[in-house]
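*Asks:* Input structure: upload34.tsv, which contains TSV, C-alpha atoms.
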```
chain	number	residue	atom	x	y	z
A	1	MET	CA	-19.35	15.04	-29.59
A	2	GLY	CA	-15.81	14.71	-28.19
A	3	ALA	CA	-13.88	11.49	-27.86
A	4	GLN	CA	-14.45	9.59	-24.66
A	5	THR	CA	-11.53	9.36	-22.29
A	6	THR	CA	-10.85	6.34	-20.11
A	7	PRO	CA	-11.22	7.24	-16.43
A	8	PRO	CA	-8.10	6.74	-14.28
A	9	ALA	CA	-7.65	3.14	-13.16
A	10	VAL	CA	-7.88	2.32	-9.47
A	11	PHE	CA	-5.77	-0.45	-7.93
A	12	ILE	CA	-5.75	-1.58	-4.30
A	13	LEU	CA	-2.88	-3.46	-2.67
A	14	LEU	CA	-3.69	-5.73	0.26
A	15	GLY	CA	-1.01	-7.32	2.39
A	16	PRO	CA	0.29	-7.37	5.96
A	17	PRO	CA	3.25	-5.29	7.16
A	18	GLY	CA	6.42	-6.75	5.69
A	19	ALA	CA	4.73	-8.25	2.61
A	20	GLY	CA	6.48	-5.73	0.36
A	21	LYS	CA	3.57	-3.47	-0.59
A	22	GLY	CA	5.70	-0.32	-0.56
A	23	THR	CA	8.44	-1.81	-2.72
A	24	GLN	CA	6.01	-3.25	-5.26
A	25	ALA	CA	3.93	-0.05	-5.37
A	26	ARG	CA	7.03	2.01	-6.22
A	27	MET	CA	7.92	-0.41	-9.04
A	28	LEU	CA	4.38	-0.22	-10.43
A	29	GLU	CA	4.49	3.58	-10.23
A	30	GLU	CA	7.67	3.70	-12.27
A	31	LYS	CA	6.61	1.17	-14.90
A	32	PHE	CA	3.04	2.31	-15.52
A	33	GLY	CA	2.99	5.97	-14.50
A	34	LEU	CA	0.65	5.32	-11.58
A	35	VAL	CA	0.53	7.29	-8.32
A	36	GLN	CA	0.59	5.53	-4.96
A	37	LEU	CA	-1.80	7.14	-2.49
A	38	SER	CA	-1.16	6.35	1.17
A	39	THR	CA	-3.91	7.61	3.46
A	40	GLY	CA	-1.38	8.67	6.09
A	41	ASP	CA	0.58	10.76	3.58
A	42	LEU	CA	-2.65	12.21	2.17
A	43	LEU	CA	-3.85	13.30	5.60
A	44	ARG	CA	-0.56	14.99	6.42
A	45	ALA	CA	-0.45	16.74	3.03
A	46	ALA	CA	-4.07	17.96	3.32
A	47	VAL	CA	-3.42	19.32	6.81
A	48	ALA	CA	-0.24	21.07	5.63
A	49	ALA	CA	-2.04	22.52	2.58
A	50	GLY	CA	-4.93	23.78	4.71
A	51	THR	CA	-7.66	22.33	2.48
A	52	GLU	CA	-11.19	22.25	3.87
A	53	ALA	CA	-10.97	18.51	4.54
A	54	GLY	CA	-7.46	19.03	5.88
A	55	LYS	CA	-8.73	21.58	8.42
A	56	GLN	CA	-11.39	19.13	9.55
A	57	ALA	CA	-8.80	16.36	9.90
A	58	LYS	CA	-6.45	18.64	11.85
A	59	ALA	CA	-9.17	19.55	14.32
A	60	VAL	CA	-10.01	15.90	14.92
A	61	MET	CA	-6.36	14.85	15.31
A	62	GLU	CA	-5.57	17.73	17.67
A	63	ALA	CA	-8.52	16.65	19.82
A	64	GLY	CA	-7.04	13.14	19.94
A	65	GLY	CA	-9.76	11.56	17.83
A	66	LEU	CA	-9.75	9.27	14.82
A	67	VAL	CA	-10.31	10.92	11.45
A	68	SER	CA	-13.69	9.78	10.09
A	69	ASP	CA	-14.15	7.85	6.87
A	70	ASP	CA	-16.02	10.84	5.41
A	71	ILE	CA	-13.02	13.11	5.89
A	72	VAL	CA	-10.60	10.51	4.50
A	73	LEU	CA	-12.82	10.04	1.45
A	74	ALA	CA	-13.05	13.80	0.91
A	75	ILE	CA	-9.25	14.08	1.00
A	76	LEU	CA	-8.94	11.09	-1.33
A	77	ARG	CA	-11.47	12.60	-3.76
A	78	ASP	CA	-9.55	15.91	-3.84
A	79	ARG	CA	-6.22	14.15	-4.46
A	80	MET	CA	-7.59	11.90	-7.20
A	81	GLY	CA	-8.68	14.98	-9.10
A	82	ASP	CA	-5.07	16.13	-9.56
A	83	ASP	CA	-3.52	15.93	-13.03
A	84	ASP	CA	-0.79	13.47	-12.06
A	85	THR	CA	-3.36	10.75	-11.31
A	86	LYS	CA	-4.80	10.58	-14.83
A	87	ARG	CA	-3.05	7.29	-15.58
A	88	GLY	CA	-4.29	5.69	-12.40
A	89	VAL	CA	-3.72	5.29	-8.67
A	90	ILE	CA	-2.64	2.61	-6.21
A	91	LEU	CA	-4.45	2.82	-2.88
A	92	ASP	CA	-2.41	1.75	0.15
A	93	GLY	CA	-4.01	1.64	3.58
A	94	PHE	CA	-7.57	2.31	2.46
A	95	PRO	CA	-10.06	0.72	2.50
A	96	ARG	CA	-9.49	-1.39	5.60
A	97	THR	CA	-13.07	-2.59	6.16
A	98	ALA	CA	-15.99	-3.68	3.99
A	99	GLY	CA	-17.86	-0.54	5.03
A	100	GLN	CA	-15.01	1.64	3.78
A	101	ALA	CA	-14.93	-0.40	0.55
A	102	GLU	CA	-18.61	0.32	-0.04
A	103	ALA	CA	-18.08	4.04	0.63
A	104	LEU	CA	-15.14	4.05	-1.78
A	105	ASP	CA	-17.29	2.41	-4.47
A	106	HIS	CA	-19.88	5.20	-4.10
A	107	LEU	CA	-17.19	7.87	-4.31
A	108	LEU	CA	-15.67	6.36	-7.45
A	109	ALA	CA	-19.08	5.90	-9.09
A	110	SER	CA	-19.68	9.64	-8.74
A	111	THR	CA	-16.66	10.30	-11.00
A	112	GLY	CA	-17.29	7.45	-13.44
A	113	GLN	CA	-14.57	5.29	-11.90
A	114	ARG	CA	-14.44	1.93	-10.17
A	115	VAL	CA	-11.95	-0.34	-8.46
A	116	ASN	CA	-10.33	-2.09	-11.42
A	117	SER	CA	-8.16	-4.60	-9.58
A	118	VAL	CA	-7.38	-5.61	-6.01
A	119	ILE	CA	-4.08	-7.44	-5.60
A	120	SER	CA	-3.83	-9.47	-2.41
A	121	MET	CA	-0.21	-10.21	-1.47
A	122	GLU	CA	-0.54	-13.65	0.13
A	123	VAL	CA	1.93	-14.63	2.84
A	124	GLU	CA	2.66	-17.57	5.16
A	125	ASP	CA	2.60	-16.44	8.76
A	126	ALA	CA	5.69	-18.17	10.21
A	127	PRO	CA	8.11	-17.18	7.38
A	128	MET	CA	6.63	-13.67	7.35
A	129	ILE	CA	7.30	-13.25	11.07
A	130	ALA	CA	10.90	-14.38	10.49
A	131	ARG	CA	11.21	-11.92	7.59
A	132	VAL	CA	9.95	-8.96	9.60
A	133	ALA	CA	11.76	-9.80	12.83
A	134	GLY	CA	15.20	-9.79	11.20
A	135	ARG	CA	14.96	-6.45	9.37
A	136	TYR	CA	17.32	-3.53	9.90
A	137	THR	CA	18.42	-0.52	7.86
A	138	CYS	CA	21.43	1.70	7.30
A	139	ALA	CA	20.97	4.74	9.53
A	140	ASN	CA	22.58	6.94	6.88
A	141	CYS	CA	20.92	6.03	3.56
A	142	GLY	CA	18.05	3.76	4.56
A	143	GLU	CA	19.22	0.68	2.62
A	144	GLY	CA	17.46	-2.40	3.97
A	145	TYR	CA	19.13	-5.53	5.35
A	146	HIS	CA	18.15	-8.73	7.14
A	147	ASP	CA	19.89	-10.96	9.67
A	148	THR	CA	19.30	-14.05	7.53
A	149	PHE	CA	18.36	-13.06	3.99
A	150	LYS	CA	20.43	-9.97	3.18
A	151	GLN	CA	23.54	-9.06	5.12
A	152	PRO	CA	26.08	-6.45	3.96
A	153	ALA	CA	28.88	-7.86	1.80
A	154	LYS	CA	31.31	-6.55	4.43
A	155	ALA	CA	30.09	-7.02	7.97
A	156	GLY	CA	29.04	-3.77	9.59
A	157	VAL	CA	29.44	-1.67	6.41
A	158	CYS	CA	26.54	-0.57	4.20
A	159	ASP	CA	26.89	-1.81	0.62
A	160	LYS	CA	25.27	1.33	-0.75
A	161	CYS	CA	26.90	4.25	1.10
A	162	GLY	CA	29.65	2.76	3.25
A	163	GLY	CA	27.95	3.82	6.46
A	164	THR	CA	28.60	1.88	9.65
A	165	ASP	CA	25.55	2.82	11.71
A	166	PHE	CA	22.46	0.61	11.47
A	167	LYS	CA	19.07	0.75	13.15
A	168	ARG	CA	16.08	-1.49	13.82
A	169	ARG	CA	12.47	-0.47	14.27
A	170	ALA	CA	11.34	-1.14	17.82
A	171	ASP	CA	8.33	-3.08	16.54
A	172	ASP	CA	10.33	-5.34	14.20
A	173	ASN	CA	10.28	-8.32	16.54
A	174	ALA	CA	8.53	-11.70	16.44
A	175	GLU	CA	5.89	-10.85	19.07
A	176	THR	CA	4.79	-7.60	17.44
A	177	ALA	CA	4.96	-9.06	13.93
A	178	GLY	CA	2.71	-11.94	15.00
A	179	ALA	CA	0.19	-9.58	16.57
A	180	ARG	CA	0.14	-7.40	13.44
A	181	LEU	CA	-0.43	-10.45	11.25
A	182	ASN	CA	-3.34	-11.62	13.40
A	183	ALA	CA	-4.89	-8.17	13.27
A	184	TYR	CA	-4.40	-8.00	9.50
A	185	HIS	CA	-6.08	-11.36	8.91
A	186	ALA	CA	-9.06	-10.42	11.09
A	187	GLN	CA	-9.43	-7.00	9.49
A	188	THR	CA	-8.81	-7.95	5.88
A	189	ALA	CA	-10.76	-11.20	5.54
A	190	PRO	CA	-14.06	-9.33	4.94
A	191	LEU	CA	-12.34	-7.14	2.32
A	192	ILE	CA	-11.03	-10.17	0.44
A	193	ALA	CA	-14.54	-11.64	0.36
A	194	TYR	CA	-16.00	-8.29	-0.70
A	195	TYR	CA	-13.72	-7.89	-3.70
A	196	LYS	CA	-13.77	-11.58	-4.61
A	197	ASP	CA	-17.56	-11.32	-4.91
A	198	ARG	CA	-17.08	-8.41	-7.32
A	199	GLY	CA	-14.65	-10.36	-9.49
A	200	VAL	CA	-11.72	-7.97	-9.12
A	201	LEU	CA	-9.53	-9.83	-6.60
A	202	GLU	CA	-6.18	-11.23	-7.74
A	203	GLU	CA	-3.89	-13.20	-5.42
A	204	VAL	CA	-0.10	-13.07	-5.68
A	205	ASP	CA	2.37	-15.24	-3.75
A	206	ALA	CA	4.27	-12.58	-1.83
A	207	MET	CA	6.66	-15.15	-0.33
A	208	ALA	CA	8.46	-15.48	-3.69
A	209	ASP	CA	11.51	-13.35	-4.52
A	210	ILE	CA	10.98	-9.67	-5.35
A	211	THR	CA	11.44	-10.12	-9.11
A	212	THR	CA	8.92	-12.97	-9.33
A	213	VAL	CA	6.37	-11.03	-7.27
A	214	SER	CA	6.97	-7.93	-9.39
A	215	LYS	CA	6.37	-9.80	-12.66
A	216	ALA	CA	3.12	-11.26	-11.35
A	217	MET	CA	1.85	-7.89	-10.15
A	218	GLN	CA	2.85	-6.09	-13.33
A	219	ALA	CA	0.99	-8.70	-15.37
A	220	ARG	CA	-2.19	-7.96	-13.36
A	221	VAL	CA	-1.84	-4.21	-13.88
A	222	ALA	CA	-1.05	-4.62	-17.59
A	223	GLN	CA	-4.32	-6.50	-18.05
A	224	VAL	CA	-6.14	-3.34	-16.96
A	225	ILE	CA	-4.15	-0.48	-18.51
A	226	GLY	CA	-1.84	-2.16	-21.00
```
Could I get this file's structure written as structure tokens?

*Replies:*
Amino acid sequence: MGAQTTPPAVFILLGPPGAGKGTQARMLEEKFGLVQLSTGDLLRAAVAAGTEAGKQAKAVMEAGGLVSDDIVLAILRDRMGDDDTKRGVILDGFPRTAGQAEALDHLLASTGQRVNSVISMEVEDAPMIARVAGRYTCANCGEGYHDTFKQPAKAGVCDKCGGTDFKRRADDNAETAGARLNAYHAQTAPLIAYYKDRGVLEEVDAMADITTVSKAMQARVAQVIG
């Protein structure tokens, strides 16, 4: 009888736009050898690769419809079977509802896996709106800046590449940021309750500085995979 292998760990990051999920996910990937799986990226990759689920997704998207949970789960299942996910994955953007969370649990159970930890990046609405509304990036290299919290050392010149062109996302304004936060709270509240009931929810103060948040999140992941 062969030695048992530990199934890949599954982590979920919850947090509104601007909470820093992408930044923290990349840091966790590098430190622990995890793979971040964004549903949007997965859908595009499956369509480009022409997988069975990808073909189904393409047909739905070309018809102007929303890709069903079943198709998303099929694409997720295929991707989680790849060799590079053996250490574990970070799910970003899925699940978004309690129904999707239940479907994900069934999928993982079929492969001997489960959701090991859900990290909720907690924010305060007013400071978060201010954080999002002031963001802009270097048009050349993508380095991020902020009107209040992080301006270039030399006005109008990117610290990283020396570029002088900057851009702002059209939706990085107070009105849109507030609407996105309201939608996030309404959508995610059932998910927080769902995972809290299952004893896997961890809350992290995402309003702290990046290093403090990173240490807290890494401590949660280390508890699961060492």

*Asks:* Can you write out as JSON lines which residues of region 75-103 of chain A fall within 12 Å of region 117-130 of chain A, alongside each residue's closest atom pair and its distance in Å to one decimal, counting only C-alpha atoms and ordering rows by chain and ascending residue number?

*Replies:*
```
{"residue": "A:Gly88", "atom": "CA", "partner": "A:Ser117", "partner_atom": "CA", "distance": 11.3}
{"residue": "A:Val89", "atom": "CA", "partner": "A:Ser117", "partner_atom": "CA", "distance": 10.9}
{"residue": "A:Ile90", "atom": "CA", "partner": "A:Val118", "partner_atom": "CA", "distance": 9.5}
{"residue": "A:Leu91", "atom": "CA", "partner": "A:Val118", "partner_atom": "CA", "distance": 9.5}
{"residue": "A:Asp92", "atom": "CA", "partner": "A:Val118", "partner_atom": "CA", "distance": 10.8}
{"residue": "A:Phe94", "atom": "CA", "partner": "A:Val118", "partner_atom": "CA", "distance": 11.6}
{"residue": "A:Pro95", "atom": "CA", "partner": "A:Val118", "partner_atom": "CA", "distance": 10.9}
{"residue": "A:Ala101", "atom": "CA", "partner": "A:Val118", "partner_atom": "CA", "distance": 11.3}
```

*Asks:* Which of these, A:Pro7, A:Gly65, A:Gly50, A:Gly33, has the shortest distance to Thr111 (chain A) once you count all atoms listed in the file?

*Replies:*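 Closest candidate: A:Pro7.
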
*Asks:* Using only C-alpha atoms, determine which residues lie at most 12 Å from Asp209 (chain A), disregarding the query and same-chain residues fewer than 3 positions distant; provide the list as a PyMOL selection string.

*Replies:* chain A and resi 19-20+24+149+204-206+212-216

*Asks:* Quick check, in Å to one decimal: how far apart do CA of Asp70 (chain A) and CA of Gly99 (chain A) lie?

*Replies:*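 The value is 11.5 Å.
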
*Asks:* Please give the centre and size of the box around region 134-141 of chain A (axis-aligned, containing every atom listed in the file, 4 Å added per side), with values in Å to one decimal and written as JSON.

*Replies:*
```
{"center_x": 18.8, "center_y": -1.4, "center_z": 7.4, "size_x": 15.6, "size_y": 24.7, "size_z": 15.6}
```

*Asks:* Neighbours of Ser38 (chain A) within 12 Å (only C-alpha atoms; same-chain residues fewer than 6 positions away dropped), as a list in words?

*Replies:*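 With the cut-off at 12 Å, the set is Ile12, Leu13, Lys21, Gly22, Ala25, Arg26, Arg44, Ala45, Val72, Ile75, Leu76, Arg79, Met80, Val89, Ile90, Leu91, Asp92, Gly93, Phe94 and Pro95 of chain A.
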
*Asks:* If you count all atoms listed in the file, which residues fall within 8 Å of region 161-166 of chain A, apart from same-chain ones fewer than 4 positions away, as a list in words?

*Replies:*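 The neighbour list is Tyr136, Thr137, Cys138, Ala139, Asn140, Cys141, Gly156 and Val157 of chain A.
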
*Asks:* Between A:Met27, A:Ala59, A:Ala109, A:Ala186, which residue has the minimum interatomic distance to Val221 (chain A), considering all atoms listed in the file?

*Replies:*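 Residue with the minimum atom-to-atom distance to Val221 (chain A): A:Met27.
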
*Asks:* When distances are computed from all atoms listed in the file, which of A:Gly134, A:Asp78, A:Gly18, A:Pro8 shows the smallest separation from Ala46 (chain A)?

*Replies:* A:Asp78

*Asks:* Given all atoms listed in the file as the basis, pick out the residue of A:Val224, A:Leu107, A:Ile192, A:Ala53 nearest to Ser68 (chain A).

*Replies:*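 Using all atoms listed in the file, the shortest distance to Ser68 (chain A) belongs to A:Ala53.
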
*Asks:* Which is closest to Thr188 (chain A) among A:Gln100, A:Met61, A:Gly54, A:Phe32, if we use all atoms listed in the file?

*Replies:*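 Checking each candidate against Thr188 (chain A), we get A:Gln100 as the closest.
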
*Asks:* In terms of the shortest atom-to-atom distance over all atoms listed in the file, which of A:Gly142, A:Thr6, A:Pro17, A:Ala133 is closest to Arg180 (chain A)?

*Replies:*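 Once distances to Arg180 (chain A) are computed over all atoms listed in the file, the minimum belongs to A:Pro17.
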
*Asks:* Neighbouring residues of Ala193 (chain A) were defined as those with any atom within 12 Å, considering only C-alpha atoms; residues of the same chain fewer than 4 positions away were excluded. Please report them as a list in words.

*Replies:*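 Listing them by chain and then by number gives Thr97, Ala98, Ala101, Val118, Ser120, Gln187, Thr188, Ala189, Asp197, Arg198, Gly199, Val200, Leu201 and Glu202 of chain A.
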